[in-house]
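Next up, run29.tsv (TSV, C-alpha atoms):
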```
chain	number	residue	atom	x	y	z
A	1	MET	CA	-37.09	-40.64	-28.55
A	2	ILE	CA	-37.73	-37.93	-25.98
A	3	ARG	CA	-36.28	-38.55	-22.53
A	4	HIS	CA	-37.12	-36.23	-19.65
A	5	VAL	CA	-34.46	-35.93	-16.92
A	6	ALA	CA	-35.63	-34.16	-13.76
A	7	ALA	CA	-33.29	-31.76	-11.95
A	8	ASP	CA	-32.81	-34.12	-9.00
A	9	GLN	CA	-31.74	-36.94	-11.34
A	10	HIS	CA	-28.61	-35.03	-12.34
A	11	PHE	CA	-25.49	-35.59	-10.25
A	12	HIS	CA	-25.28	-32.90	-7.54
A	13	TYR	CA	-21.87	-31.53	-6.54
A	14	GLN	CA	-21.60	-29.21	-3.54
A	15	ASN	CA	-18.73	-27.48	-1.77
A	16	ASP	CA	-18.48	-24.29	0.30
A	17	TRP	CA	-18.93	-21.97	-2.72
A	18	LEU	CA	-20.35	-24.04	-5.61
A	19	SER	CA	-23.62	-25.88	-6.05
A	20	ALA	CA	-23.66	-27.72	-9.38
A	21	ARG	CA	-25.81	-30.19	-11.28
A	22	TRP	CA	-23.66	-32.19	-13.70
A	23	HIS	CA	-25.79	-33.58	-16.54
A	24	PHE	CA	-22.98	-35.81	-17.88
A	25	SER	CA	-19.94	-37.56	-16.42
A	26	PHE	CA	-17.63	-34.87	-15.05
A	27	GLY	CA	-14.97	-34.53	-12.38
A	28	ASP	CA	-15.30	-37.30	-9.80
A	29	TYR	CA	-18.66	-38.39	-11.25
A	30	PHE	CA	-18.42	-41.09	-13.90
A	31	ASP	CA	-21.23	-43.10	-15.44
A	32	PRO	CA	-20.25	-45.09	-18.55
A	33	GLU	CA	-23.87	-44.83	-19.74
A	34	ASN	CA	-23.87	-41.05	-19.40
A	35	VAL	CA	-20.78	-39.56	-21.05
A	36	THR	CA	-21.99	-37.81	-24.21
A	37	PHE	CA	-25.13	-37.00	-26.20
A	38	GLY	CA	-23.95	-36.62	-29.76
A	39	PRO	CA	-20.94	-34.24	-29.52
A	40	LEU	CA	-22.38	-32.67	-26.34
A	41	ARG	CA	-19.89	-33.65	-23.64
A	42	VAL	CA	-20.66	-31.40	-20.63
A	43	PHE	CA	-23.70	-29.52	-19.38
A	44	ASN	CA	-23.16	-28.06	-15.91
A	45	ASP	CA	-25.81	-26.02	-14.11
A	46	ASP	CA	-23.74	-23.96	-11.64
A	47	THR	CA	-24.52	-21.54	-8.82
A	48	VAL	CA	-21.38	-19.73	-7.59
A	49	SER	CA	-21.22	-17.84	-4.29
A	50	PRO	CA	-20.28	-14.12	-4.17
A	51	GLY	CA	-16.58	-13.43	-4.54
A	52	ARG	CA	-15.70	-17.02	-5.43
A	53	GLY	CA	-15.03	-18.99	-8.58
A	54	PHE	CA	-12.69	-21.15	-10.62
A	55	ASP	CA	-9.03	-20.14	-10.45
A	56	LEU	CA	-6.69	-20.42	-13.45
A	57	HIS	CA	-7.01	-23.82	-15.12
A	58	PRO	CA	-6.25	-25.22	-18.61
A	59	HIS	CA	-8.47	-26.47	-21.44
A	60	ARG	CA	-7.78	-27.86	-24.90
A	61	GLU	CA	-9.68	-29.48	-27.79
A	62	MET	CA	-13.11	-28.30	-26.64
A	63	GLU	CA	-15.77	-25.72	-27.55
A	64	ILE	CA	-16.87	-24.14	-24.25
A	65	ILE	CA	-20.08	-22.11	-24.12
A	66	THR	CA	-21.23	-20.22	-21.04
A	67	CYS	CA	-24.74	-18.76	-20.57
A	68	VAL	CA	-25.38	-16.46	-17.59
A	69	PHE	CA	-28.87	-16.44	-16.07
A	70	ALA	CA	-28.33	-14.29	-12.97
A	71	GLY	CA	-25.45	-12.30	-11.51
A	72	SER	CA	-22.14	-11.62	-13.25
A	73	LEU	CA	-19.16	-13.66	-14.43
A	74	GLU	CA	-15.61	-12.31	-14.75
A	75	HIS	CA	-13.43	-14.07	-17.34
A	76	GLN	CA	-9.66	-13.77	-17.81
A	77	ASP	CA	-7.29	-15.92	-19.88
A	78	ASP	CA	-3.64	-16.19	-20.89
A	79	ARG	CA	-4.43	-14.85	-24.38
A	80	GLY	CA	-5.21	-11.41	-22.99
A	81	ASN	CA	-9.00	-11.76	-23.12
A	82	ARG	CA	-10.92	-10.22	-20.23
A	83	GLY	CA	-14.61	-9.61	-19.87
A	84	ILE	CA	-17.67	-9.40	-17.65
A	85	LEU	CA	-20.78	-11.36	-18.57
A	86	ASN	CA	-24.12	-10.34	-17.09
A	87	ALA	CA	-27.52	-12.03	-17.09
A	88	GLY	CA	-28.53	-12.75	-20.69
A	89	ASP	CA	-24.95	-12.81	-21.97
A	90	VAL	CA	-23.32	-15.73	-23.80
A	91	GLN	CA	-19.61	-16.53	-24.17
A	92	VAL	CA	-17.85	-18.96	-26.50
A	93	MET	CA	-14.26	-20.05	-25.94
A	94	SER	CA	-12.69	-22.43	-28.45
A	95	ALA	CA	-9.86	-23.95	-26.45
A	96	GLY	CA	-8.08	-25.30	-29.55
A	97	SER	CA	-4.42	-26.18	-28.94
A	98	GLY	CA	-4.63	-24.92	-25.36
A	99	ILE	CA	-5.78	-22.02	-23.20
A	100	VAL	CA	-5.62	-21.16	-19.49
A	101	HIS	CA	-8.41	-19.13	-17.94
A	102	SER	CA	-10.26	-18.23	-14.75
A	103	GLU	CA	-13.97	-17.65	-14.08
A	104	ARG	CA	-15.15	-15.81	-10.99
A	105	ASN	CA	-18.19	-14.17	-9.50
A	106	PRO	CA	-17.01	-10.58	-8.95
A	107	SER	CA	-20.02	-9.52	-6.87
A	108	PRO	CA	-19.53	-9.18	-3.09
A	109	SER	CA	-23.18	-10.02	-2.43
A	110	GLU	CA	-25.03	-11.59	-5.41
A	111	PRO	CA	-24.81	-15.28	-6.39
A	112	LEU	CA	-24.00	-16.23	-9.98
A	113	HIS	CA	-26.15	-18.72	-11.89
A	114	LEU	CA	-24.86	-20.07	-15.19
A	115	ALA	CA	-24.80	-23.04	-17.50
A	116	GLN	CA	-21.53	-24.21	-18.98
A	117	ILE	CA	-21.68	-26.38	-22.09
A	118	TRP	CA	-18.80	-28.31	-23.65
A	119	ILE	CA	-19.04	-29.56	-27.23
A	120	VAL	CA	-16.40	-31.80	-28.81
A	121	PRO	CA	-15.00	-29.97	-31.90
A	122	TRP	CA	-14.83	-31.55	-35.33
A	123	ARG	CA	-11.12	-30.85	-35.63
A	124	ARG	CA	-8.18	-30.94	-33.24
A	125	GLY	CA	-5.77	-28.13	-32.48
A	126	GLY	CA	-6.04	-24.70	-33.99
A	127	GLU	CA	-5.69	-21.24	-32.50
A	128	PRO	CA	-7.85	-20.61	-29.42
A	129	ARG	CA	-10.53	-17.93	-29.84
A	130	TYR	CA	-12.92	-16.08	-27.57
A	131	GLY	CA	-16.13	-14.09	-28.03
A	132	GLN	CA	-19.17	-12.94	-26.10
A	133	LYS	CA	-22.44	-11.19	-26.82
A	134	SER	CA	-25.51	-9.90	-25.01
A	135	ILE	CA	-28.93	-11.29	-25.90
A	136	PRO	CA	-31.64	-8.71	-25.06
A	137	ALA	CA	-34.80	-10.05	-23.42
A	138	ALA	CA	-36.89	-8.85	-26.37
A	139	ALA	CA	-34.82	-10.97	-28.77
A	140	ARG	CA	-35.59	-14.22	-26.96
A	141	ARG	CA	-39.17	-13.52	-25.86
A	142	GLY	CA	-41.65	-15.95	-27.39
A	143	LYS	CA	-39.18	-17.41	-29.89
A	144	LEU	CA	-35.95	-19.35	-30.25
A	145	ALA	CA	-33.16	-16.78	-30.57
A	146	PRO	CA	-29.98	-18.25	-32.15
A	147	VAL	CA	-26.85	-17.33	-30.18
A	148	VAL	CA	-24.24	-19.91	-31.31
A	149	SER	CA	-23.89	-21.69	-34.66
A	150	ARG	CA	-21.48	-23.70	-36.78
A	151	GLU	CA	-18.79	-21.20	-37.86
A	152	SER	CA	-21.42	-18.42	-37.41
A	153	LYS	CA	-23.64	-19.93	-40.11
A	154	LEU	CA	-26.60	-18.01	-38.63
A	155	PRO	CA	-26.12	-14.21	-38.80
A	156	GLY	CA	-25.18	-12.52	-35.55
A	157	THR	CA	-24.21	-15.71	-33.74
A	158	LEU	CA	-20.97	-16.74	-32.05
A	159	PRO	CA	-19.02	-19.48	-33.90
A	160	VAL	CA	-18.16	-23.01	-32.81
A	161	HIS	CA	-16.05	-25.65	-34.58
A	162	GLN	CA	-18.88	-28.20	-34.75
A	163	ASP	CA	-22.20	-28.77	-36.50
A	164	ALA	CA	-24.03	-27.33	-33.50
A	165	PHE	CA	-26.54	-24.55	-32.84
A	166	ILE	CA	-27.64	-23.03	-29.51
A	167	TYR	CA	-30.81	-21.02	-28.91
A	168	LEU	CA	-32.26	-19.09	-25.96
A	169	CYS	CA	-35.99	-18.79	-25.52
A	170	ASP	CA	-38.23	-17.15	-22.88
A	171	LEU	CA	-41.85	-18.32	-22.93
A	172	GLU	CA	-44.81	-17.10	-20.90
A	173	PRO	CA	-48.06	-19.08	-20.46
A	174	GLY	CA	-49.76	-19.53	-23.82
A	175	GLU	CA	-46.53	-19.08	-25.78
A	176	SER	CA	-44.69	-21.91	-27.54
A	177	ALA	CA	-41.79	-22.53	-29.91
A	178	THR	CA	-41.19	-25.59	-32.10
A	179	HIS	CA	-37.77	-26.58	-33.38
A	180	PRO	CA	-37.20	-29.07	-36.22
A	181	VAL	CA	-34.77	-31.80	-35.20
A	182	GLY	CA	-34.79	-34.57	-37.80
A	183	GLN	CA	-33.88	-38.23	-37.61
A	184	ALA	CA	-30.11	-37.78	-37.79
A	185	ARG	CA	-29.70	-35.04	-35.19
A	186	HIS	CA	-29.82	-34.56	-31.42
A	187	ALA	CA	-31.57	-31.80	-29.46
A	188	TYR	CA	-31.00	-31.02	-25.80
A	189	ALA	CA	-33.42	-28.69	-24.02
A	190	PHE	CA	-32.83	-27.25	-20.54
A	191	LEU	CA	-35.24	-25.21	-18.44
A	192	ALA	CA	-33.07	-22.78	-16.50
A	193	GLU	CA	-35.87	-20.93	-14.70
A	194	GLY	CA	-39.61	-21.15	-14.20
A	195	THR	CA	-41.98	-23.88	-15.31
A	196	GLY	CA	-42.99	-25.09	-18.74
A	197	MET	CA	-43.48	-28.05	-21.06
A	198	GLY	CA	-41.11	-29.81	-23.40
A	199	GLY	CA	-42.17	-32.52	-25.82
A	200	GLY	CA	-45.52	-32.70	-24.02
A	201	VAL	CA	-43.86	-33.29	-20.63
A	202	ALA	CA	-44.17	-30.92	-17.66
A	203	MET	CA	-40.81	-29.38	-16.73
A	204	ALA	CA	-39.52	-27.53	-13.69
A	205	ALA	CA	-36.38	-25.45	-13.30
A	206	GLY	CA	-33.29	-27.61	-13.73
A	207	ASP	CA	-35.02	-30.26	-15.85
A	208	ALA	CA	-33.67	-31.36	-19.24
A	209	LEU	CA	-34.91	-33.16	-22.36
A	210	ARG	CA	-32.85	-35.45	-24.58
A	211	VAL	CA	-34.36	-35.64	-28.06
A	212	HIS	CA	-33.19	-38.00	-30.81
A	213	GLU	CA	-34.83	-39.49	-33.90
A	214	GLU	CA	-37.73	-37.06	-33.65
A	215	GLU	CA	-38.93	-34.70	-36.37
A	216	SER	CA	-39.31	-31.78	-33.95
A	217	VAL	CA	-39.54	-30.72	-30.32
A	218	ARG	CA	-42.09	-28.25	-28.97
A	219	LEU	CA	-41.38	-26.02	-25.96
A	220	GLU	CA	-44.26	-24.38	-24.09
A	221	GLY	CA	-44.24	-21.58	-21.58
A	222	GLY	CA	-45.30	-21.58	-17.95
A	223	ALA	CA	-44.45	-19.13	-15.20
A	224	GLY	CA	-41.25	-17.36	-16.28
A	225	ALA	CA	-39.96	-20.21	-18.43
A	226	ARG	CA	-36.42	-19.69	-19.73
A	227	PHE	CA	-35.06	-22.39	-22.04
A	228	ILE	CA	-31.77	-23.29	-23.69
A	229	LEU	CA	-32.00	-25.53	-26.77
A	230	ILE	CA	-28.92	-27.21	-28.24
A	231	ASP	CA	-29.14	-28.77	-31.74
A	232	THR	CA	-26.24	-31.00	-32.78
A	233	VAL	CA	-25.38	-33.65	-35.32
```

Could you take the file, read its structure, and then write that structure out as structure tokens?
Amino acid sequence: MIRHVAADQHFHYQNDWLSARWHFSFGDYFDPENVTFGPLRVFNDDTVSPGRGFDLHPHREMEIITCVFAGSLEHQDDRGNRGILNAGDVQVMSAGSGIVHSERNPSPSEPLHLAQIWIVPWRRGGEPRYGQKSIPAAARRGKLAPVVSRESKLPGTLPVHQDAFIYLCDLEPGESATHPVGQARHAYAFLAEGTGMGGGVAMAAGDALRVHEEESVRLEGGAGARFILIDTV
């Protein structure tokens, strides 16, 4: 099964500083038919205005992955972690038994575009942990670059407490990448920028694919295509 979900089919939340597409039930949006996809619980496509952001708020029992596409993100938490993520950077925060953090756009003039992904962990509690890394453009050009994996199973990746893997991939016209999925797993593909194809379907920026009970999924480049692919049990 390959299901294409266009950008305008995702729930749109808007206030004076945030424009967000919520791919699954979140906040005031609840659809009992759209809560999870495997252990994938949240996929939010956010654009944050300059100088604004999410003030201190708590999380627990969740693996939270943030991918920055444009602009910068400033992170701070009650465990003493602080950092700036720029375009191409990825952050993983395992909330574990509980963590309080803030996320803000520190720029006075540039908007911030990011995706935030929540994955339900395979175990409850545990010590919170935090990590981030930069993914150079050359590393993701024309191929699926692994950035997150189950307990860092893939070398050089950030760890999550779940049988899950996340890849970034930039594809120009004529370029493609195929990922094996398998009958027992889920794959979720998101086109953050540009145009492209996924599973033989034309995709525009903000579109997503839900893949299940398929042997593989093929991503194809268009004009400036930038994909995220999530592979989970």

Residue neighbourhood Glu220 of chain A, 7 Å, all atoms listed in the file, exclusion window fewer than 3 positions, as a list in words: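 Non-adjacent residues within range: Leu171, Glu175, Ser176, Ala177, Gly196, Met197 and Gly198 of chain A.
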
Selected residue, from A:Phe190, A:Glu215, A:Gly221, A:Gly125, that lies nearest to Ala6 of chain A when counting all atoms listed in the file: A:Phe190

Selection as a VMD selection string: residues within 7 Å of (-25.0, -27.7, -19.3), counting all atoms listed in the file: chain A and resid 23 42 to 45 115 to 117

Between atom CA of Gln132 of chain A and atom CA of Pro155 of chain A - distance in Å to one decimal: 14.5 Å

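Between atom CA of Glu63 of chain A and atom CA of His186 of chain A the interatomic distance comes to 17.0 Å.
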
Quick one: residues within 9 Å of Val68 of chain A, only C-alpha atoms, excluding same-chain residues fewer than 2 positions away - as a tab-separated table (two decimals) with C-alpha atoms, in the frame of the given file?
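Final output, around11.tsv:
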```
chain	number	residue	atom	x	y	z
A	66	THR	CA	-21.23	-20.22	-21.04
A	70	ALA	CA	-28.33	-14.29	-12.97
A	71	GLY	CA	-25.45	-12.30	-11.51
A	72	SER	CA	-22.14	-11.62	-13.25
A	73	LEU	CA	-19.16	-13.66	-14.43
A	85	LEU	CA	-20.78	-11.36	-18.57
A	86	ASN	CA	-24.12	-10.34	-17.09
A	87	ALA	CA	-27.52	-12.03	-17.09
A	88	GLY	CA	-28.53	-12.75	-20.69
A	89	ASP	CA	-24.95	-12.81	-21.97
A	90	VAL	CA	-23.32	-15.73	-23.80
A	91	GLN	CA	-19.61	-16.53	-24.17
A	112	LEU	CA	-24.00	-16.23	-9.98
A	113	HIS	CA	-26.15	-18.72	-11.89
A	114	LEU	CA	-24.86	-20.07	-15.19
A	115	ALA	CA	-24.80	-23.04	-17.50
A	116	GLN	CA	-21.53	-24.21	-18.98
```

Atom pair atom CA of Gly131 of chain A / atom CA of Val92 of chain A: separation (Å):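 A separation of 5.4 Å between them.
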
Nearest candidate to Arg60 of chain A (options A:Ser94, A:Thr157, A:Thr195, A:Ser107; using all atoms listed in the file):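 Checking each candidate against Arg60 of chain A, we get A:Ser94 as the closest.
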
Which of A:Leu18, A:Ile119, A:Ala225, A:Leu56 sits closest to His101 of chain A [using all atoms listed in the file]: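 Residue with the minimum atom-to-atom distance to His101 of chain A: A:Leu56.
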
Point (-10.6, -13.9, -18.0) neighbourhood (10 Å, all atoms listed in the file) written as a list of chain:residue names: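 Checking each residue against the 10 Å limit leaves A:Asp55, A:Leu56, A:Leu73, A:Glu74, A:His75, A:Gln76, A:Asp77, A:Asp78, A:Arg79, A:Gly80, A:Asn81, A:Arg82, A:Gly83, A:Ile84, A:Val100, A:His101, A:Ser102, A:Glu103, A:Arg104.
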
Selection: 6 Å around Ala205 of chain A, only C-alpha atoms, excl. self and same-chain fewer than 2 positions, as JSON, numbers by chain: {"A": [191, 192, 193, 194, 207]}

Residue contacts of Cys169 of chain A (8 Å, all atoms listed in the file) excluding same-chain residues fewer than 5 positions away, as a list in words: Arg140, Arg141, Gly142, Lys143, Leu144, Ala145, Arg226, Phe227, Ile228 and Leu229 of chain A

Which of A:Thr47, A:Pro146, A:Trp118, A:Phe165 sits closest to Phe24 of chain A [using all atoms listed in the file]: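 Comparing A:Thr47, A:Pro146, A:Trp118, A:Phe165 against Phe24 of chain A, the winner is A:Trp118.
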
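Minimum atom-to-atom distances from A:Gln162, A:Gln9, A:Thr232, A:Ser152 to Gln183 of chain A were compared using all atoms listed in the file, and the lowest value belongs to A:Thr232.
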
Which residues are near His212 of chain A? Cut-off 12 Å, all atoms listed in the file, ignore same chain within fewer than 2 positions. Put them as a PDB file with C-alpha atoms, in the frame of the given file.
```
ATOM      1  CA  MET A   1     -37.090 -40.640 -28.550  1.00  0.00           C
ATOM      2  CA  ILE A   2     -37.730 -37.930 -25.980  1.00  0.00           C
ATOM      3  CA  ARG A   3     -36.280 -38.550 -22.530  1.00  0.00           C
ATOM      4  CA  HIS A   4     -37.120 -36.230 -19.650  1.00  0.00           C
ATOM      5  CA  PHE A  37     -25.130 -37.000 -26.200  1.00  0.00           C
ATOM      6  CA  GLY A  38     -23.950 -36.620 -29.760  1.00  0.00           C
ATOM      7  CA  PRO A 180     -37.200 -29.070 -36.220  1.00  0.00           C
ATOM      8  CA  VAL A 181     -34.770 -31.800 -35.200  1.00  0.00           C
ATOM      9  CA  GLY A 182     -34.790 -34.570 -37.800  1.00  0.00           C
ATOM     10  CA  GLN A 183     -33.880 -38.230 -37.610  1.00  0.00           C
ATOM     11  CA  ALA A 184     -30.110 -37.780 -37.790  1.00  0.00           C
ATOM     12  CA  ARG A 185     -29.700 -35.040 -35.190  1.00  0.00           C
ATOM     13  CA  HIS A 186     -29.820 -34.560 -31.420  1.00  0.00           C
ATOM     14  CA  ALA A 187     -31.570 -31.800 -29.460  1.00  0.00           C
ATOM     15  CA  TYR A 188     -31.000 -31.020 -25.800  1.00  0.00           C
ATOM     16  CA  ALA A 189     -33.420 -28.690 -24.020  1.00  0.00           C
ATOM     17  CA  GLY A 199     -42.170 -32.520 -25.820  1.00  0.00           C
ATOM     18  CA  LEU A 209     -34.910 -33.160 -22.360  1.00  0.00           C
ATOM     19  CA  ARG A 210     -32.850 -35.450 -24.580  1.00  0.00           C
ATOM     20  CA  GLU A 214     -37.730 -37.060 -33.650  1.00  0.00           C
ATOM     21  CA  GLU A 215     -38.930 -34.700 -36.370  1.00  0.00           C
ATOM     22  CA  SER A 216     -39.310 -31.780 -33.950  1.00  0.00           C
ATOM     23  CA  VAL A 217     -39.540 -30.720 -30.320  1.00  0.00           C
ATOM     24  CA  ILE A 230     -28.920 -27.210 -28.240  1.00  0.00           C
ATOM     25  CA  ASP A 231     -29.140 -28.770 -31.740  1.00  0.00           C
ATOM     26  CA  THR A 232     -26.240 -31.000 -32.780  1.00  0.00           C
ATOM     27  CA  VAL A 233     -25.380 -33.650 -35.320  1.00  0.00           C
TER      28      VAL A 233
END
```

Nearest to Trp22 of chain A, chosen from A:Ile64, A:His179, A:Val147, A:Asn34, with only C-alpha atoms counted in the distances: A:Asn34
